[in-house]
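Asker: Quick one: the structure is below, and I'll ask about it shortly.
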2 protein chains.
Amino acid sequence: MSLEIFGITGVGEIEPGDDLAAILAAAAAEHHGGLRDGDVLVVTQKVVSKAEGMLVPVDPDDPLSHKPLVERESVRIVRRRGDLIISETKHGFVCANAGIDLSNVRRGYAALLPEDSDRSARRIRDAIAARAGVTVAVIVSDTFGRPWRRGLTDVAIGCAGIGAIVDFRGTTDTEGRELHVTEVAVVDELAGAADLVLGKATGMPAAVVRGVDPGWFRRGEVHAELIRDPAEDLFR
Amino acid sequence: MSLEIFGITGVGEIEPGDDLAAILAAAAAEHHGGLRDGDVLVVTQKVVSKAEGMLVPVDPDDPLSHKPLVERESVRIVRRRGDLIISETKHGFVCANAGIDLSNVRRGYAALLPEDSDRSARRIRDAIAARAGVTVAVIVSDTFGRPWRRGLTDVAIGCAGIGAIVDFRGTTDTEGRELHVTEVAVVDELAGAADLVLGKATGMPAAVVRGVDPGWFRRGEVHAELIRDPAEDLFR
């Protein structure tokens with residue numbers, strides 16, 4: 001199996017109400033020969049939030065003006081140190097600043113996370129099937145930190161048409177023994193892979209991963225599959 | 001920028017003392033047209049540990065026989081629940097079971113982490129330069145869980161010839177504002193991307209990521225760059 005990963009160029013600025021699926025499909029058609037059946041389309045959260053109008057005015061001269069929003073979008077503060085808040089969002093994600101930030105958003109506005117990123121992914125997938133006639137999987141990605149390790153990585157906050165987790169239990173290893181606990185969060189690995197071609201400053205809001213194992217395509221959902229039950233979470 | 005990712009086929013079983021760099025370079029030459037300058041070679045920890053002889057005998061009939069090793073390889077227990085131990089290893093990684101496991105290892109043995117995975121990566125990189133005459137970056141990858149999110153992903157435990165973190169601070173976003181904190185753990189994203197073509201049961205121990213931004217190539221080290229200082233870690 002080999003994969004090809006490329007960023008979709010020529011997308012331009014996304015505004016509230018824009019038909020993001022149509023814009024991405026058109027840019028892919030113009031610059032990359034079009035989306036194909038079996039492609040995984042990774043779309044960064046920022047443009048999904050913009051298209052869905054999840055923008056909130058903030059004082060452009062106060063770098064901390066989005067902090068009250070962070071409290072509002074959180075259901076639980078997990079850790080706090082100085083200005084940094086690690087919280088559980090109403091969606092169940094544990095991340096810094098409730099996933100809210102100001103970069104790549106018009107001055108004077110903050111972008112909130114989509115209300116339901118799995119639904120956002122399903123809508124993009126359905127619209128691409130309807131408009132471009134191709135069946136793709138869609139991942140909505142965002143940039144999170146993590147405990148113990150420095151640096152940020154992109155992870156999936158929503159998906160459609162692909163399992164969030166692929167379960168290799170029941171398969172055997174090279175010694176013929178059954179693999180016991182090997183549930184791989186493939187949508188997180190795909191989101192991170194897409195970030196390698198998107199970078200942070202390019203303005204490219206989406207990438208295509210081509211060549212993914214078709215056995216991974218099914219109805220999938222980040223919320224149901226990837227969010228660890230707080231009762232079984234050792235770090236909440 | 002576009003990336004190509006493929007697993008290296010035809011590697012075969014790795015034994016203690018094997019010249020892993022030579023074996024991987026030969027398999028890449030035979031099956032994939034050879035490694036090229038600028039390739040990122042991702043090698044899974046298991047074969048690095050095997051080649052380096054990091055195998056310890058355990059009772060093959062006791063599924064918990066490696067647990068004393070976990071205690072020995074740990075400098076701090078972070079969480080414990082039932083048989084599950086999340087600990088900080090002597091290398092500074094926080095992971096389950098000190099990174100020790102039994103899958104894809106000969107019956108009756110457990111594989112420990114390499115003593116120094118950055119050094120392992122440097123040795124593979126240097127040997128490939130010497131033998132195949134190509135300059136590659138090398139990442140040693142392992143499979144870790146994480147708090148809050150279900151499923152495992154592959155991350156980097158060692159690297160050579162590539163920065164563990166790429167710092168986008170100082171660059172500007174699409175609105176012309178300076179990006180403040182955008183340090184991306186590219187070696188973790190590369191390790192996860194490689195896992196997408198390796199899977200868990202294939203026996204393929206290494207993958208190539210081709211097309212990575214040459215600006216990321218420099219002397220890099222997971223240990224110095226990616227391990228968060230316990231004093232600034234909110235979850236230790």
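Note on naming: chains are A, B, ... as they come in the structure tokens, residues start from 1 per chain, ligands start from 1 in the order shown.
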Could you make a table, as a Markdown table, of the residues of chain B that have an atom within 8 Å of an atom of chain A, each with its nearest atom pair and distance in Å to one decimal, counting only C-alpha atoms, in chain and number order?

Answerer:
| residue | atom | partner | partner_atom | distance |
| --- | --- | --- | --- | --- |
| B:Met1 | CA | A:Val197 | CA | 5.9 |
| B:Ser2 | CA | A:Phe6 | CA | 4.3 |
| B:Leu3 | CA | A:Ile5 | CA | 5.0 |
| B:Glu4 | CA | A:Glu4 | CA | 4.7 |
| B:Ile5 | CA | A:Leu3 | CA | 5.0 |
| B:Phe6 | CA | A:Ser2 | CA | 4.3 |
| B:Gly7 | CA | A:Ser2 | CA | 7.0 |
| B:Arg79 | CA | A:Leu234 | CA | 6.9 |
| B:Phe93 | CA | A:Trp148 | CA | 7.6 |
| B:Val94 | CA | A:Trp148 | CA | 6.6 |
| B:Ser103 | CA | A:Asp173 | CA | 6.6 |
| B:Asn104 | CA | A:Asp173 | CA | 5.6 |
| B:Val105 | CA | A:Glu175 | CA | 7.3 |
| B:Arg106 | CA | A:Glu175 | CA | 6.9 |
| B:Arg107 | CA | A:Glu175 | CA | 7.8 |
| B:Pro147 | CA | A:Phe235 | CA | 6.0 |
| B:Trp148 | CA | A:Arg228 | CA | 5.2 |
| B:Arg149 | CA | A:Ile227 | CA | 5.0 |
| B:Arg150 | CA | A:Leu226 | CA | 4.7 |
| B:Gly151 | CA | A:Ala185 | CA | 4.7 |
| B:Leu152 | CA | A:Val184 | CA | 4.7 |
| B:Thr153 | CA | A:Ala185 | CA | 5.9 |
| B:Asp154 | CA | A:Glu189 | CA | 7.8 |
| B:Ile165 | CA | A:Gly151 | CA | 6.4 |
| B:Phe168 | CA | A:Lys200 | CA | 7.0 |
| B:Thr171 | CA | A:Ala201 | CA | 6.8 |
| B:Thr172 | CA | A:Ala201 | CA | 6.3 |
| B:Asp173 | CA | A:Ala201 | CA | 4.9 |
| B:Thr174 | CA | A:Asn104 | CA | 5.6 |
| B:Glu175 | CA | A:Asn104 | CA | 6.0 |
| B:Arg177 | CA | A:Ser103 | CA | 7.5 |
| B:Leu179 | CA | A:Ser103 | CA | 6.9 |
| B:Thr182 | CA | A:Leu152 | CA | 7.2 |
| B:Glu183 | CA | A:Gly151 | CA | 5.0 |
| B:Val184 | CA | A:Leu152 | CA | 4.7 |
| B:Ala185 | CA | A:Gly151 | CA | 4.7 |
| B:Val186 | CA | A:Leu196 | CA | 7.0 |
| B:Asp188 | CA | A:Thr153 | CA | 7.5 |
| B:Glu189 | CA | A:Gly192 | CA | 4.8 |
| B:Leu190 | CA | A:Ala193 | CA | 6.5 |
| B:Gly192 | CA | A:Glu189 | CA | 4.8 |
| B:Ala193 | CA | A:Ala193 | CA | 5.0 |
| B:Asp195 | CA | A:Glu189 | CA | 7.7 |
| B:Leu196 | CA | A:Val186 | CA | 7.0 |
| B:Val197 | CA | A:Met1 | CA | 5.9 |
| B:Lys200 | CA | A:Phe168 | CA | 7.0 |
| B:Ala201 | CA | A:Asp173 | CA | 4.9 |
| B:Thr202 | CA | A:Thr174 | CA | 7.2 |
| B:Gly203 | CA | A:Thr174 | CA | 5.8 |
| B:Val212 | CA | A:Leu196 | CA | 7.8 |
| B:Glu225 | CA | A:Arg150 | CA | 7.2 |
| B:Leu226 | CA | A:Arg150 | CA | 4.7 |
| B:Ile227 | CA | A:Arg149 | CA | 5.0 |
| B:Arg228 | CA | A:Arg149 | CA | 5.0 |
| B:Asp229 | CA | A:Trp148 | CA | 7.9 |
| B:Pro230 | CA | A:Trp148 | CA | 7.7 |
| B:Asp233 | CA | A:Trp148 | CA | 6.3 |
| B:Leu234 | CA | A:Arg79 | CA | 6.9 |
| B:Phe235 | CA | A:Pro147 | CA | 6.0 |
| B:Arg236 | CA | A:Trp148 | CA | 7.5 |

Asker: Please report, as a ChimeraX atom specification, each residue of segment 46-137 of chain B to which DSSP assigns strand (DSSP E or B) when run on this structure's backbone.

Answerer: /B:55-57,74-81,84-89,94-96,101,109-111,137

Asker: Now that the selection is made, can you save its residues with C-alpha atoms as a PDB file, in the first residue's frame?

Answerer:
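Below you can see result.pdb, which holds the result:
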ATOM      1  CA  LEU B  55      15.279  -8.778  24.178  1.00  0.00           C
ATOM      2  CA  VAL B  56      14.706 -10.202  27.646  1.00  0.00           C
ATOM      3  CA  PRO B  57      13.497 -13.745  28.389  1.00  0.00           C
ATOM      4  CA  SER B  74      10.307   2.976  34.889  1.00  0.00           C
ATOM      5  CA  VAL B  75      11.504   5.904  36.943  1.00  0.00           C
ATOM      6  CA  ARG B  76       8.042   7.057  37.996  1.00  0.00           C
ATOM      7  CA  ILE B  77       4.603   5.464  38.022  1.00  0.00           C
ATOM      8  CA  VAL B  78       2.175   8.081  36.686  1.00  0.00           C
ATOM      9  CA  ARG B  79      -1.061   6.077  36.916  1.00  0.00           C
ATOM     10  CA  ARG B  80      -1.953   2.500  37.728  1.00  0.00           C
ATOM     11  CA  ARG B  81      -5.243   0.700  37.290  1.00  0.00           C
ATOM     12  CA  LEU B  84      -2.297  -1.264  33.435  1.00  0.00           C
ATOM     13  CA  ILE B  85       0.708   0.832  34.391  1.00  0.00           C
ATOM     14  CA  ILE B  86       1.294   4.262  32.870  1.00  0.00           C
ATOM     15  CA  SER B  87       4.813   5.227  33.769  1.00  0.00           C
ATOM     16  CA  GLU B  88       7.668   7.498  32.879  1.00  0.00           C
ATOM     17  CA  THR B  89      10.470   5.428  31.432  1.00  0.00           C
ATOM     18  CA  VAL B  94       5.266   8.490  29.445  1.00  0.00           C
ATOM     19  CA  CYS B  95       3.493   5.421  28.112  1.00  0.00           C
ATOM     20  CA  ALA B  96       1.852   2.142  29.043  1.00  0.00           C
ATOM     21  CA  ASP B 101       5.511  -5.660  24.823  1.00  0.00           C
ATOM     22  CA  TYR B 109      10.921 -12.883  24.927  1.00  0.00           C
ATOM     23  CA  ALA B 110       9.889  -9.294  25.568  1.00  0.00           C
ATOM     24  CA  ALA B 111      11.337  -6.356  23.666  1.00  0.00           C
ATOM     25  CA  ALA B 137      16.373  11.457   7.817  1.00  0.00           C
TER      26      ALA B 137
END

Asker: Would you list, as number ranges by chain, the residues of segment 69-228 of chain B that end up in helix (DSSP H, G or I) under DSSP run on this structure's backbone?

Answerer: B: 69-73, 97-99, 117-132, 186-198, 214-216, 222-226

Asker: Keeping N, CA and C atoms, export the residues of the selection given above as a compact mmCIF listing (two decimals), in the first residue's frame.

Answerer:
# COMPACT_ATOMS: atom_id res chain seq x y z
N LEU B 69 9.60 -6.26 34.54
CA LEU B 69 10.43 -5.45 33.66
C LEU B 69 9.91 -4.02 33.57
N VAL B 70 8.57 -3.90 33.55
CA VAL B 70 7.97 -2.58 33.46
C VAL B 70 8.39 -1.72 34.66
N GLU B 71 8.35 -2.33 35.82
CA GLU B 71 8.77 -1.59 37.02
C GLU B 71 10.25 -1.21 36.93
N ARG B 72 11.05 -2.13 36.42
CA ARG B 72 12.49 -1.90 36.34
C ARG B 72 12.84 -0.80 35.35
N GLU B 73 12.09 -0.72 34.26
CA GLU B 73 12.38 0.26 33.21
C GLU B 73 11.77 1.63 33.49
N ASN B 97 3.13 0.42 30.17
CA ASN B 97 4.04 -0.74 30.27
C ASN B 97 5.47 -0.42 29.88
N ALA B 98 5.87 0.83 30.09
CA ALA B 98 7.26 1.25 29.81
C ALA B 98 7.69 0.93 28.39
N GLY B 99 6.71 0.85 27.49
CA GLY B 99 7.02 0.60 26.08
C GLY B 99 7.40 -0.84 25.78
N SER B 117 17.04 6.01 21.62
CA SER B 117 16.46 5.88 20.27
C SER B 117 16.98 6.96 19.32
N ASP B 118 17.38 8.12 19.85
CA ASP B 118 17.98 9.13 18.97
C ASP B 118 19.33 8.62 18.44
N ARG B 119 20.09 7.98 19.31
CA ARG B 119 21.35 7.40 18.86
C ARG B 119 21.11 6.28 17.85
N SER B 120 20.07 5.47 18.10
CA SER B 120 19.71 4.43 17.13
C SER B 120 19.42 5.04 15.76
N ALA B 121 18.65 6.13 15.76
CA ALA B 121 18.30 6.79 14.50
C ALA B 121 19.55 7.34 13.82
N ARG B 122 20.44 7.94 14.61
CA ARG B 122 21.67 8.49 14.02
C ARG B 122 22.52 7.38 13.39
N ARG B 123 22.60 6.25 14.09
CA ARG B 123 23.42 5.14 13.56
C ARG B 123 22.85 4.63 12.24
N ILE B 124 21.53 4.51 12.16
CA ILE B 124 20.91 4.03 10.92
C ILE B 124 21.15 5.04 9.80
N ARG B 125 20.97 6.31 10.13
CA ARG B 125 21.21 7.36 9.13
C ARG B 125 22.66 7.35 8.64
N ASP B 126 23.60 7.26 9.57
CA ASP B 126 25.02 7.27 9.20
C ASP B 126 25.38 6.03 8.37
N ALA B 127 24.82 4.88 8.74
CA ALA B 127 25.14 3.64 8.02
C ALA B 127 24.57 3.68 6.61
N ILE B 128 23.38 4.29 6.45
CA ILE B 128 22.80 4.38 5.11
C ILE B 128 23.61 5.35 4.25
N ALA B 129 24.08 6.43 4.85
CA ALA B 129 24.95 7.35 4.11
C ALA B 129 26.22 6.62 3.67
N ALA B 130 26.78 5.81 4.56
CA ALA B 130 28.03 5.12 4.25
C ALA B 130 27.83 4.02 3.21
N ARG B 131 26.73 3.26 3.33
CA ARG B 131 26.55 2.08 2.48
C ARG B 131 25.85 2.39 1.18
N ALA B 132 24.79 3.23 1.26
CA ALA B 132 23.98 3.46 0.06
C ALA B 132 24.29 4.82 -0.56
N VAL B 186 6.60 17.60 14.03
CA VAL B 186 6.50 16.95 12.71
C VAL B 186 6.95 15.49 12.75
N VAL B 187 7.89 15.14 13.62
CA VAL B 187 8.32 13.73 13.64
C VAL B 187 7.21 12.81 14.15
N ASP B 188 6.35 13.33 15.03
CA ASP B 188 5.20 12.53 15.46
C ASP B 188 4.19 12.38 14.32
N GLU B 189 3.97 13.47 13.59
CA GLU B 189 3.04 13.37 12.45
C GLU B 189 3.60 12.44 11.37
N LEU B 190 4.92 12.45 11.19
CA LEU B 190 5.54 11.55 10.21
C LEU B 190 5.45 10.09 10.67
N ALA B 191 5.66 9.87 11.95
CA ALA B 191 5.56 8.50 12.48
C ALA B 191 4.14 7.96 12.30
N GLY B 192 3.15 8.80 12.60
CA GLY B 192 1.76 8.39 12.43
C GLY B 192 1.42 8.15 10.97
N ALA B 193 1.92 9.01 10.10
CA ALA B 193 1.68 8.85 8.66
C ALA B 193 2.24 7.52 8.17
N ALA B 194 3.45 7.18 8.63
CA ALA B 194 4.06 5.91 8.22
C ALA B 194 3.23 4.72 8.70
N ASP B 195 2.66 4.85 9.89
CA ASP B 195 1.86 3.74 10.43
C ASP B 195 0.66 3.44 9.53
N LEU B 196 0.19 4.42 8.80
CA LEU B 196 -0.97 4.21 7.91
C LEU B 196 -0.66 3.18 6.83
N VAL B 197 0.60 3.05 6.43
CA VAL B 197 0.93 2.04 5.42
C VAL B 197 1.50 0.78 6.05
N LEU B 198 1.86 0.83 7.34
CA LEU B 198 2.46 -0.34 7.97
C LEU B 198 1.43 -1.22 8.66
N PRO B 214 12.45 20.25 2.69
CA PRO B 214 13.88 20.18 3.04
C PRO B 214 14.27 21.15 4.16
N GLY B 215 13.45 22.18 4.38
CA GLY B 215 13.72 23.11 5.46
C GLY B 215 13.64 22.47 6.84
N TRP B 216 13.05 21.28 6.91
CA TRP B 216 12.94 20.60 8.21
C TRP B 216 14.18 19.79 8.54
N VAL B 222 14.65 13.71 19.44
CA VAL B 222 13.38 13.60 20.17
C VAL B 222 13.59 13.94 21.64
N HIS B 223 14.65 13.39 22.23
CA HIS B 223 14.82 13.53 23.67
C HIS B 223 14.94 15.00 24.07
N ALA B 224 15.77 15.75 23.37
CA ALA B 224 16.01 17.14 23.75
C ALA B 224 14.83 18.05 23.37
N GLU B 225 14.13 17.71 22.30
CA GLU B 225 13.11 18.63 21.79
C GLU B 225 11.68 18.30 22.22
N LEU B 226 11.36 17.01 22.30
CA LEU B 226 9.96 16.62 22.45
C LEU B 226 9.53 16.28 23.87

Asker: Between atom CA of Ser65 of chain A and atom CA of Asp116 of chain A, measure the distance and give it in Å to one decimal.

Answerer: 24.2 Å

Asker: Tell me which protein, DNA and RNA residues are within 7 Å of Val140 of chain B, counting only C-alpha atoms, leaving out same-chain ones fewer than 3 positions away, and put them as an mmCIF file with N, CA and C atoms, in the first residue's frame.

Answerer:
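Result file follows (part_4.cif):
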data_model
loop_
_atom_site.group_PDB
_atom_site.id
_atom_site.type_symbol
_atom_site.label_atom_id
_atom_site.label_comp_id
_atom_site.auth_asym_id
_atom_site.auth_seq_id
_atom_site.Cartn_x
_atom_site.Cartn_y
_atom_site.Cartn_z
ATOM 1 N N VAL B 42 11.152 5.851 8.259
ATOM 2 C CA VAL B 42 10.545 5.617 9.571
ATOM 3 C C VAL B 42 10.686 4.138 9.894
ATOM 4 N N VAL B 43 11.363 3.842 10.980
ATOM 5 C CA VAL B 43 11.641 2.457 11.371
ATOM 6 C C VAL B 43 10.938 2.184 12.694
ATOM 7 N N THR B 44 10.175 1.105 12.760
ATOM 8 C CA THR B 44 9.432 0.825 13.988
ATOM 9 C C THR B 44 10.372 0.326 15.082
ATOM 10 N N GLN B 45 10.024 0.705 16.290
ATOM 11 C CA GLN B 45 10.887 0.421 17.445
ATOM 12 C C GLN B 45 11.213 -1.065 17.568
ATOM 13 N N SER B 117 17.041 6.008 21.619
ATOM 14 C CA SER B 117 16.464 5.884 20.273
ATOM 15 C C SER B 117 16.980 6.956 19.317
ATOM 16 N N ALA B 121 18.650 6.134 15.765
ATOM 17 C CA ALA B 121 18.300 6.788 14.500
ATOM 18 C C ALA B 121 19.551 7.335 13.818
ATOM 19 N N ALA B 156 7.111 9.436 17.433
ATOM 20 C CA ALA B 156 8.563 9.281 17.305
ATOM 21 C C ALA B 156 9.195 9.116 18.679
ATOM 22 N N ILE B 157 10.084 8.138 18.830
ATOM 23 C CA ILE B 157 10.872 8.032 20.057
ATOM 24 C C ILE B 157 12.341 8.354 19.787
ATOM 25 N N GLY B 158 12.683 8.548 18.526
ATOM 26 C CA GLY B 158 14.042 8.964 18.174
ATOM 27 C C GLY B 158 14.057 9.531 16.768
ATOM 28 N N CYS B 159 15.008 10.406 16.500
ATOM 29 C CA CYS B 159 15.114 10.928 15.132
ATOM 30 C C CYS B 159 16.554 11.376 14.871
#

Asker: Which distance in Å separates atom CA of Pro16 of chain B and atom CA of Ala206 of chain B, to one decimal?

Answerer: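 Atom-to-atom, atom CA of Pro16 of chain B to atom CA of Ala206 of chain B, that is 17.0 Å.
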
Asker: Could you check how far atom CA of Gly82 of chain B sits from atom CA of Pro68 of chain B, in Å to one decimal?

Answerer: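 Between these atoms lies a distance of 14.5 Å.
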
Asker: Residues within 12 Å of Gly53 of chain B, please, as an MDAnalysis selection string. Count only C-alpha atoms; anything in the same chain fewer than 4 positions from it doesn't count.

Answerer: chainID B and resid 14:20 46:49 57 105 109:115

Asker: For C-alpha atoms, I'd like the residues from the last selection saved as a PDB file, in the first residue's frame.

Answerer:
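File written: again_1.pdb
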ATOM      1  CA  ILE B  14      15.300  -9.137  12.170  1.00  0.00           C
ATOM      2  CA  GLU B  15      17.666 -10.877  14.628  1.00  0.00           C
ATOM      3  CA  PRO B  16      19.990  -9.481  17.296  1.00  0.00           C
ATOM      4  CA  GLY B  17      23.158  -8.170  15.678  1.00  0.00           C
ATOM      5  CA  ASP B  18      21.586  -7.702  12.244  1.00  0.00           C
ATOM      6  CA  ASP B  19      22.758  -4.685  10.269  1.00  0.00           C
ATOM      7  CA  LEU B  20      19.334  -3.070  10.080  1.00  0.00           C
ATOM      8  CA  LYS B  46      10.424  -3.352  17.510  1.00  0.00           C
ATOM      9  CA  VAL B  47      12.997  -4.073  14.810  1.00  0.00           C
ATOM     10  CA  VAL B  48      15.410  -1.504  16.193  1.00  0.00           C
ATOM     11  CA  SER B  49      15.158  -3.186  19.603  1.00  0.00           C
ATOM     12  CA  PRO B  57      13.497 -13.745  28.389  1.00  0.00           C
ATOM     13  CA  VAL B 105       8.557 -10.807  19.323  1.00  0.00           C
ATOM     14  CA  TYR B 109      10.921 -12.883  24.927  1.00  0.00           C
ATOM     15  CA  ALA B 110       9.889  -9.294  25.568  1.00  0.00           C
ATOM     16  CA  ALA B 111      11.337  -6.356  23.666  1.00  0.00           C
ATOM     17  CA  LEU B 112      12.545  -3.348  25.642  1.00  0.00           C
ATOM     18  CA  LEU B 113      12.866   0.111  24.139  1.00  0.00           C
ATOM     19  CA  PRO B 114      16.277   0.948  22.666  1.00  0.00           C
ATOM     20  CA  GLU B 115      18.652   2.437  25.231  1.00  0.00           C
TER      21      GLU B 115
END
